[in-house]
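Everything below belongs to query39.txt, which stores compact mmCIF, C-alpha atoms.
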```txt
# COMPACT_ATOMS: atom_id res chain seq x y z
CA MET A 69 0.00 0.00 0.00
CA VAL A 70 2.60 2.52 1.09
CA GLY A 71 4.98 4.20 -1.29
CA ASN A 72 2.75 4.22 -4.35
CA THR A 73 1.41 7.32 -6.08
CA LEU A 74 -2.11 8.59 -5.54
CA ARG A 75 -3.03 7.37 -9.00
CA SER A 76 -1.95 3.77 -8.39
CA ARG A 77 -2.98 3.79 -4.74
CA SER A 78 -6.60 4.64 -5.38
CA GLN A 79 -7.14 3.33 -8.88
CA LYS A 80 -10.14 1.36 -7.67
CA LEU A 81 -11.99 4.54 -6.65
CA ALA A 82 -9.75 7.24 -8.09
CA VAL A 83 -12.28 9.47 -9.80
CA LEU A 84 -15.06 8.56 -7.38
CA ALA A 85 -13.02 9.35 -4.28
CA VAL A 86 -11.25 12.45 -5.52
CA GLY A 87 -14.19 13.71 -7.54
CA VAL A 88 -12.22 16.52 -9.17
CA VAL A 89 -11.19 16.99 -12.77
CA VAL A 90 -9.00 19.99 -13.51
CA GLY A 91 -8.21 21.13 -17.04
CA GLY A 92 -8.72 17.66 -18.49
CA ALA A 93 -6.48 15.98 -15.90
CA VAL A 94 -7.69 13.82 -13.06
CA ALA A 95 -6.48 15.43 -9.84
CA GLY A 96 -3.69 13.36 -8.34
CA GLY A 97 -2.26 12.05 -11.58
CA GLY A 98 -3.13 10.76 -15.03
CA PHE A 99 -5.12 12.45 -17.76
CA ALA A 100 -8.76 12.06 -18.66
CA VAL A 101 -8.76 10.91 -22.27
CA ALA A 102 -11.88 11.02 -24.41
CA ASP A 103 -12.00 7.59 -26.02
CA SER A 104 -14.45 4.78 -26.65
CA SER A 105 -14.17 3.59 -23.03
CA ALA A 106 -15.25 6.95 -21.58
CA PRO A 107 -18.78 6.88 -20.10
CA LYS A 108 -21.35 8.56 -22.31
CA SER A 109 -23.76 9.03 -19.45
CA ASP A 110 -23.64 9.51 -15.69
CA ARG A 111 -25.75 6.36 -15.43
CA GLN A 112 -22.70 4.36 -16.52
CA ILE A 113 -20.68 5.57 -13.51
CA THR A 114 -21.01 4.03 -10.08
CA ASN A 115 -22.13 6.66 -7.59
CA MET A 116 -19.45 7.30 -4.97
CA THR A 117 -21.88 7.29 -2.06
CA ASP A 118 -23.44 4.03 -3.21
CA GLU A 119 -20.02 2.42 -3.67
CA VAL A 120 -18.84 3.39 -0.20
CA SER A 121 -22.13 2.16 1.29
CA LYS A 122 -21.59 -1.23 -0.36
CA ILE A 123 -18.04 -1.42 0.99
CA LYS A 124 -19.28 -0.62 4.49
CA ALA A 125 -22.01 -3.25 4.25
CA TYR A 126 -19.53 -5.86 2.99
CA TYR A 127 -17.17 -5.16 5.92
CA GLY A 128 -20.02 -4.97 8.44
CA ASP A 129 -19.03 -1.43 9.40
CA THR A 130 -19.22 -0.59 13.10
CA VAL A 131 -18.17 2.68 14.76
CA ASP A 132 -16.69 2.87 18.26
CA ALA A 133 -16.91 5.67 20.83
CA ASN A 134 -13.88 7.37 19.28
CA GLY A 135 -15.49 7.47 15.86
CA GLU A 136 -13.18 4.82 14.42
CA HIS A 137 -14.52 2.25 12.00
CA TRP A 138 -14.09 -1.49 12.47
CA ALA A 139 -14.96 -4.43 10.30
CA SER A 140 -17.31 -6.94 11.91
CA PRO A 141 -16.29 -10.56 12.55
CA ASN A 142 -19.79 -11.48 11.39
CA SER A 143 -19.47 -9.69 8.06
CA ASN A 144 -19.43 -11.17 4.58
CA TYR A 145 -15.84 -9.98 4.36
CA ALA A 146 -14.88 -12.01 7.44
CA ALA A 147 -16.70 -15.06 6.10
CA GLN A 148 -14.91 -14.83 2.74
CA VAL A 149 -11.51 -14.45 4.40
CA LYS A 150 -12.23 -17.42 6.67
CA SER A 151 -13.08 -19.61 3.67
CA ILE A 152 -9.75 -18.75 2.03
CA GLU A 153 -7.84 -19.38 5.25
CA THR A 154 -9.54 -22.75 5.74
CA LYS A 155 -8.44 -23.88 2.28
CA ALA A 156 -4.92 -22.59 2.86
CA GLN A 157 -4.60 -24.32 6.23
CA LYS A 158 -5.73 -27.63 4.77
CA TYR A 159 -3.11 -27.34 2.05
CA LEU A 160 -0.34 -26.34 4.47
CA GLU A 161 -1.31 -29.17 6.80
CA SER A 162 -1.27 -31.71 3.99
CA LYS A 163 2.08 -30.44 2.73
CA ILE A 164 3.80 -30.68 6.11
CA ARG A 165 2.18 -34.03 6.92
CA HIS A 166 3.59 -35.66 3.80
CA ASP A 167 6.95 -33.93 3.71
CA ARG A 168 8.77 -32.42 6.67
CA SER A 169 12.11 -32.23 4.89
CA GLY A 170 13.77 -28.93 4.07
CA LYS A 171 12.91 -25.44 5.21
CA LYS A 172 9.32 -24.57 4.42
CA ALA A 173 7.95 -21.04 4.55
CA ILE A 174 4.92 -18.88 3.97
CA VAL A 175 4.98 -15.25 2.86
CA LEU A 176 2.43 -12.65 3.90
CA ASP A 177 1.88 -9.13 2.63
CA VAL A 178 1.12 -6.65 5.44
CA ASP A 179 -1.57 -4.10 4.54
CA ASP A 180 -5.00 -5.73 4.16
CA THR A 181 -3.45 -9.18 4.19
CA SER A 182 -2.07 -9.21 7.73
CA LEU A 183 -3.25 -5.84 9.08
CA SER A 184 -6.54 -4.16 8.21
CA THR A 185 -6.38 -0.58 6.91
CA TYR A 186 -10.19 -0.33 6.84
CA ASN A 187 -10.45 2.57 9.31
CA TYR A 188 -7.67 4.51 7.57
CA GLU A 189 -9.38 4.10 4.19
CA LEU A 190 -12.62 5.54 5.51
CA GLU A 191 -10.85 8.39 7.30
CA THR A 192 -9.17 9.40 4.04
CA THR A 193 -12.11 8.58 1.72
CA PHE A 194 -9.94 5.93 0.05
CA VAL A 195 -7.37 8.51 -1.09
CA TYR A 196 -3.83 7.61 -0.09
CA ASN A 197 -1.60 10.37 1.24
CA PRO A 198 2.00 9.48 2.25
CA ALA A 199 2.11 11.90 5.17
CA SER A 200 -1.23 10.94 6.71
CA ASN A 201 -0.50 7.27 6.16
CA ALA A 202 2.90 7.49 7.84
CA GLN A 203 1.33 9.32 10.78
CA TYR A 204 -1.40 6.71 11.06
CA ILE A 205 1.07 3.82 11.04
CA ALA A 206 3.25 5.54 13.64
CA THR A 207 0.41 6.25 16.07
CA LYS A 208 -2.29 3.62 15.57
CA THR A 209 -2.46 -0.13 16.00
CA MET A 210 -4.22 -1.67 13.05
CA PRO A 211 -6.22 -4.82 13.82
CA ALA A 212 -5.31 -8.15 12.29
CA VAL A 213 -7.20 -9.21 9.21
CA PHE A 214 -9.65 -11.73 10.64
CA GLY A 215 -7.90 -15.03 11.34
CA MET A 216 -4.61 -14.26 9.60
CA ASN A 217 -2.71 -13.95 12.88
CA THR A 218 -4.13 -17.30 13.97
CA LEU A 219 -3.21 -18.93 10.66
CA ALA A 220 0.33 -17.53 10.73
CA THR A 221 0.86 -18.63 14.35
CA TRP A 222 -0.48 -22.09 13.57
CA ALA A 223 1.80 -22.37 10.53
CA LYS A 224 4.84 -21.48 12.62
CA LYS A 225 3.95 -24.17 15.17
CA GLN A 226 3.76 -26.67 12.31
CA GLY A 227 7.33 -25.87 11.32
CA TYR A 228 6.81 -23.15 8.71
CA THR A 229 8.93 -20.02 8.80
CA VAL A 230 6.75 -16.92 8.44
CA PHE A 231 8.02 -14.03 6.31
CA PHE A 232 6.40 -10.66 5.74
CA VAL A 233 7.04 -8.80 2.48
CA THR A 234 5.49 -5.35 2.32
CA GLY A 235 5.63 -2.27 0.14
CA ARG A 236 5.89 -0.12 3.23
CA PRO A 237 9.18 1.83 3.31
CA GLU A 238 12.13 0.83 5.44
CA THR A 239 11.52 3.86 7.67
CA GLN A 240 8.36 2.15 8.98
CA ARG A 241 10.09 -1.03 10.12
CA SER A 242 9.78 -0.47 13.87
CA ALA A 243 6.12 0.57 13.76
CA THR A 244 5.23 -2.30 11.44
CA ALA A 245 6.97 -4.93 13.55
CA ALA A 246 5.37 -3.55 16.72
CA ASN A 247 1.88 -3.58 15.19
CA LEU A 248 2.25 -7.16 13.95
CA ALA A 249 3.44 -8.30 17.37
CA ALA A 250 0.66 -6.40 19.17
CA VAL A 251 -2.06 -8.29 17.31
CA GLY A 252 -0.56 -11.75 17.65
CA PHE A 253 1.59 -12.44 14.60
CA PRO A 254 4.88 -14.34 14.80
CA ALA A 255 7.94 -12.18 15.35
CA ALA A 256 8.64 -9.87 12.42
CA ASP A 257 12.31 -9.31 13.13
CA GLN A 258 15.03 -8.12 10.76
CA GLU A 259 15.34 -11.54 9.13
CA HIS A 260 11.62 -12.10 8.60
CA LEU A 261 10.25 -8.67 7.69
CA TYR A 262 11.13 -7.20 4.29
CA LEU A 263 10.29 -3.57 3.53
CA LYS A 264 10.96 -1.51 0.44
CA ASN A 265 14.16 0.52 0.53
CA PRO A 266 14.14 3.03 -2.33
CA VAL A 267 17.29 4.76 -1.07
CA THR A 268 19.64 1.78 -0.78
CA PRO A 269 17.87 -1.20 -2.38
CA PRO A 270 19.35 -4.64 -1.69
CA SER A 271 21.77 -6.11 -4.20
CA TYR A 272 19.52 -9.13 -4.82
CA LEU A 273 17.02 -6.87 -6.65
CA PRO A 274 18.38 -6.21 -10.16
CA CYS A 275 15.73 -3.50 -10.67
CA GLY A 276 17.28 -1.48 -7.85
CA LYS A 277 15.49 1.80 -7.19
CA THR A 278 13.08 1.36 -10.10
CA CYS A 279 11.37 -1.87 -9.01
CA THR A 280 7.69 -2.24 -9.73
CA THR A 281 5.63 -3.92 -7.02
CA ILE A 282 5.75 -7.23 -8.86
CA GLU A 283 9.52 -7.01 -9.39
CA TYR A 284 10.15 -6.06 -5.77
CA LYS A 285 7.94 -8.73 -4.25
CA SER A 286 8.82 -11.60 -6.59
CA GLY A 287 12.50 -10.65 -6.37
CA THR A 288 12.32 -10.71 -2.58
CA ARG A 289 10.65 -14.13 -2.67
CA ALA A 290 13.42 -15.33 -4.98
CA HIS A 291 15.92 -14.09 -2.39
CA ILE A 292 14.12 -16.01 0.36
CA GLU A 293 14.35 -19.13 -1.81
CA SER A 294 18.06 -18.51 -2.28
CA LEU A 295 18.39 -18.80 1.52
CA GLY A 296 17.19 -22.38 1.23
CA TYR A 297 13.46 -21.94 1.87
CA GLN A 298 10.64 -23.49 -0.08
CA ILE A 299 7.80 -20.97 -0.18
CA VAL A 300 4.74 -23.18 0.07
CA ALA A 301 2.15 -20.38 0.17
CA ASN A 302 2.10 -16.68 -0.60
CA PHE A 303 -0.74 -14.48 0.71
CA GLY A 304 -1.69 -11.05 -0.61
CA ASP A 305 -4.66 -8.77 -1.17
CA GLN A 306 -3.35 -7.51 -4.55
CA TYR A 307 -2.50 -9.56 -7.59
CA SER A 308 0.81 -7.69 -7.67
CA ASP A 309 1.55 -9.32 -4.29
CA LEU A 310 1.14 -12.72 -5.88
CA SER A 311 2.47 -12.39 -9.44
CA GLY A 312 5.97 -13.25 -10.57
CA GLY A 313 6.28 -16.79 -9.25
CA HIS A 314 8.51 -18.06 -6.45
CA ALA A 315 5.66 -19.61 -4.46
CA GLU A 316 4.00 -22.98 -4.73
CA LYS A 317 0.50 -21.69 -3.97
CA THR A 318 -0.99 -18.21 -3.89
CA TYR A 319 -3.98 -17.03 -1.87
CA LYS A 320 -5.79 -13.79 -2.73
CA ILE A 321 -7.30 -12.01 0.27
CA PRO A 322 -10.34 -9.90 -0.75
CA ASN A 323 -9.92 -6.12 -0.92
CA PRO A 324 -12.52 -4.02 -2.76
CA MET A 325 -11.13 -0.74 -1.37
CA TYR A 326 -8.23 -0.10 -3.76
CA TYR A 327 -6.12 -1.61 -6.51
CA LEU A 328 -2.34 -1.58 -6.80
CA PRO A 329 -0.62 -2.61 -10.05
```

Output the file's structure as structure tokens, nothing else.
Amino acid sequence: MVGNTLRSRSQKLAVLAVGVVVGGAVAGGGFAVADSSAPKSDRQITNMTDEVSKIKAYYGDTVDANGEHWASPNSNYAAQVKSIETKAQKYLESKIRHDRSGKKAIVLDVDDTSLSTYNYELETTFVYNPASNAQYIATKTMPAVFGMNTLATWAKKQGYTVFFVTGRPETQRSATAANLAAVGFPAADQEHLYLKNPVTPPSYLPCGKTCTTIEYKSGTRAHIESLGYQIVANFGDQYSDLSGGHAEKTYKIPNPMYYLP
């Protein structure tokens, strides 16, 4: 999630959330181009208010005394996540039962795979801002995505090594590790938590400072494999978390709030 431009960060609801077009350019990046794909009527465009209402209903939106929004454990979102986790656990269990040789691992993305950004998204109307996001991460404890902390802890007890690979910048390492620990994930220490370092990228990433999300994440998984690990499962809420290989199985966690290429 972190470190991407406004255009890529909120592509799912870019025009709906920003709602401003200036001089033919969509505010925040990109240009509005009149072509055959452009809506010819307002009836072809999803209403922003309706879209947000659907997202809230899907997450089972609840508001606490501080005005913060929380997803409900009884929501359709929670049920969908649980179904995915159940399938993943069965696969991981079968894999370890039939073969305990070698070093087996799972890889988890952080935002909206391990930790829920739901409240932040609503606070910012689904428009990513680096400064507000950094402040939020530094001062708030995001809840675990339903059941992912339990699944990760179970996997570790079964002999899997748990790695986290996130697009958050290196400067957010301490806050990220603390948040993961606070909500019950296995230790995300220096060896098991990978963050993006645009200033001094690691030598194992040939793309260096210009890595796309797919290049960064798949390259990091390749590095984990080079350390002798077999990545049995890779979990992410974006297809860019999962593309590029270097994982036996991939599991897509639902996220209708934004899209990252």

Next on the checklist: Can you tell me which residues surround Lys172 (chain A) at a distance of at most 12 Å, considering all atoms listed in the file, apart from same-chain residues fewer than 6 positions away, and format the answer as a PyMOL selection string?
Outcome noted: chain A and resi 160-161+163-164+223-224+226-231+292-293+295-302+315-316

Item to check | Residues within 12 Å of region 274-276 of chain A, all atoms listed in the file, excluding chain neighbours under 3 positions, as a ChimeraX atom specification | outcome: /A:264-271,279-288,290-291

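Going from CA of Tyr186 (chain A) to CA of Thr278 (chain A) covers 28.8 Å.
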
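Pairwise distance (CA of Ala146 (chain A), CA of Phe214 (chain A)) equals 6.1 Å.
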
Checklist entry - Near region 245-260 of chain A, counting only C-alpha atoms, which residues have an atom at most 10 Å away, once you skip same-chain residues fewer than 2 positions from it, shown as a PyMOL selection string? => result chain A and resi 175+178+182-183+205-213+216-225+229-233+240-243+262-263+292

Item to check | All residues 9 Å or closer to Thr181 (chain A), only C-alpha atoms, same chain fewer than 4 positions away omitted, as a PyMOL selection string | outcome: chain A and resi 176-177+212-213+216+303-306+320-323

Quick one: write out the picked residues with C-alpha atoms as an mmCIF file, in the frame of the given file?
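Written output follows (again.cif):
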```cif
data_model
loop_
_atom_site.group_PDB
_atom_site.id
_atom_site.type_symbol
_atom_site.label_atom_id
_atom_site.label_comp_id
_atom_site.auth_asym_id
_atom_site.auth_seq_id
_atom_site.Cartn_x
_atom_site.Cartn_y
_atom_site.Cartn_z
ATOM 1 C CA LEU A 176 2.430 -12.650 3.900
ATOM 2 C CA ASP A 177 1.880 -9.130 2.630
ATOM 3 C CA ALA A 212 -5.310 -8.150 12.290
ATOM 4 C CA VAL A 213 -7.200 -9.210 9.210
ATOM 5 C CA MET A 216 -4.610 -14.260 9.600
ATOM 6 C CA PHE A 303 -0.740 -14.480 0.710
ATOM 7 C CA GLY A 304 -1.690 -11.050 -0.610
ATOM 8 C CA ASP A 305 -4.660 -8.770 -1.170
ATOM 9 C CA GLN A 306 -3.350 -7.510 -4.550
ATOM 10 C CA LYS A 320 -5.790 -13.790 -2.730
ATOM 11 C CA ILE A 321 -7.300 -12.010 0.270
ATOM 12 C CA PRO A 322 -10.340 -9.900 -0.750
ATOM 13 C CA ASN A 323 -9.920 -6.120 -0.920
#
```

Next on the checklist: Please determine, counting all atoms listed in the file, which residue among A:Leu273, A:Tyr307, A:Ala202, A:Asp129 has the shortest atom-to-atom distance to Thr239 (chain A).
Outcome noted: A:Ala202

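Take CA of Gly170 (chain A) and CA of His314 (chain A): the distance between them is 16.0 Å.
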
Residues of region 156-198 of chain A within 10 Å of region 104-122 of chain A: nearest atom pair and distance (Å, one decimal) for each, counting all atoms listed in the file, sorted by chain and number, as a Markdown table?
```
| residue | atom | partner | partner_atom | distance |
| --- | --- | --- | --- | --- |
| A:Leu190 | CA | A:Val120 | CA | 8.7 |
| A:Thr193 | CA | A:Val120 | CA | 8.7 |
| A:Phe194 | CA | A:Val120 | CA | 9.3 |
```

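Among A:Thr244, A:Ser308, A:Ser169, A:Ser162, the residue with the shortest atom-to-atom distance to Tyr327 (chain A), counting only C-alpha atoms, is A:Ser308.
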
Complete region 146-158 of chain A with N, CA and C atoms (output as a short mmCIF file (atom, residue, chain, number, x, y, z; two decimals), keeping the file's coordinate frame).
```
data_model
loop_
_atom_site.label_atom_id
_atom_site.label_comp_id
_atom_site.auth_asym_id
_atom_site.auth_seq_id
_atom_site.Cartn_x
_atom_site.Cartn_y
_atom_site.Cartn_z
N ALA A 146 -15.50 -11.06 6.52
CA ALA A 146 -14.88 -12.01 7.44
C ALA A 146 -15.14 -13.44 7.01
N ALA A 147 -16.35 -13.70 6.54
CA ALA A 147 -16.70 -15.06 6.10
C ALA A 147 -15.88 -15.46 4.88
N GLN A 148 -15.68 -14.53 3.95
CA GLN A 148 -14.91 -14.83 2.74
C GLN A 148 -13.45 -15.08 3.09
N VAL A 149 -12.91 -14.25 3.97
CA VAL A 149 -11.51 -14.45 4.40
C VAL A 149 -11.35 -15.80 5.09
N LYS A 150 -12.30 -16.15 5.95
CA LYS A 150 -12.23 -17.42 6.67
C LYS A 150 -12.23 -18.60 5.71
N SER A 151 -13.03 -18.52 4.66
CA SER A 151 -13.08 -19.61 3.67
C SER A 151 -11.73 -19.79 2.99
N ILE A 152 -11.08 -18.69 2.67
CA ILE A 152 -9.75 -18.75 2.03
C ILE A 152 -8.73 -19.33 3.00
N GLU A 153 -8.78 -18.90 4.24
CA GLU A 153 -7.84 -19.38 5.25
C GLU A 153 -8.03 -20.87 5.52
N THR A 154 -9.26 -21.33 5.51
CA THR A 154 -9.54 -22.75 5.74
C THR A 154 -8.90 -23.60 4.65
N LYS A 155 -9.05 -23.16 3.41
CA LYS A 155 -8.44 -23.88 2.28
C LYS A 155 -6.92 -23.87 2.38
N ALA A 156 -6.38 -22.71 2.75
CA ALA A 156 -4.92 -22.59 2.86
C ALA A 156 -4.38 -23.49 3.97
N GLN A 157 -5.07 -23.50 5.11
CA GLN A 157 -4.60 -24.32 6.23
C GLN A 157 -4.62 -25.80 5.87
N LYS A 158 -5.66 -26.23 5.17
CA LYS A 158 -5.73 -27.63 4.77
C LYS A 158 -4.56 -27.99 3.86
#
```
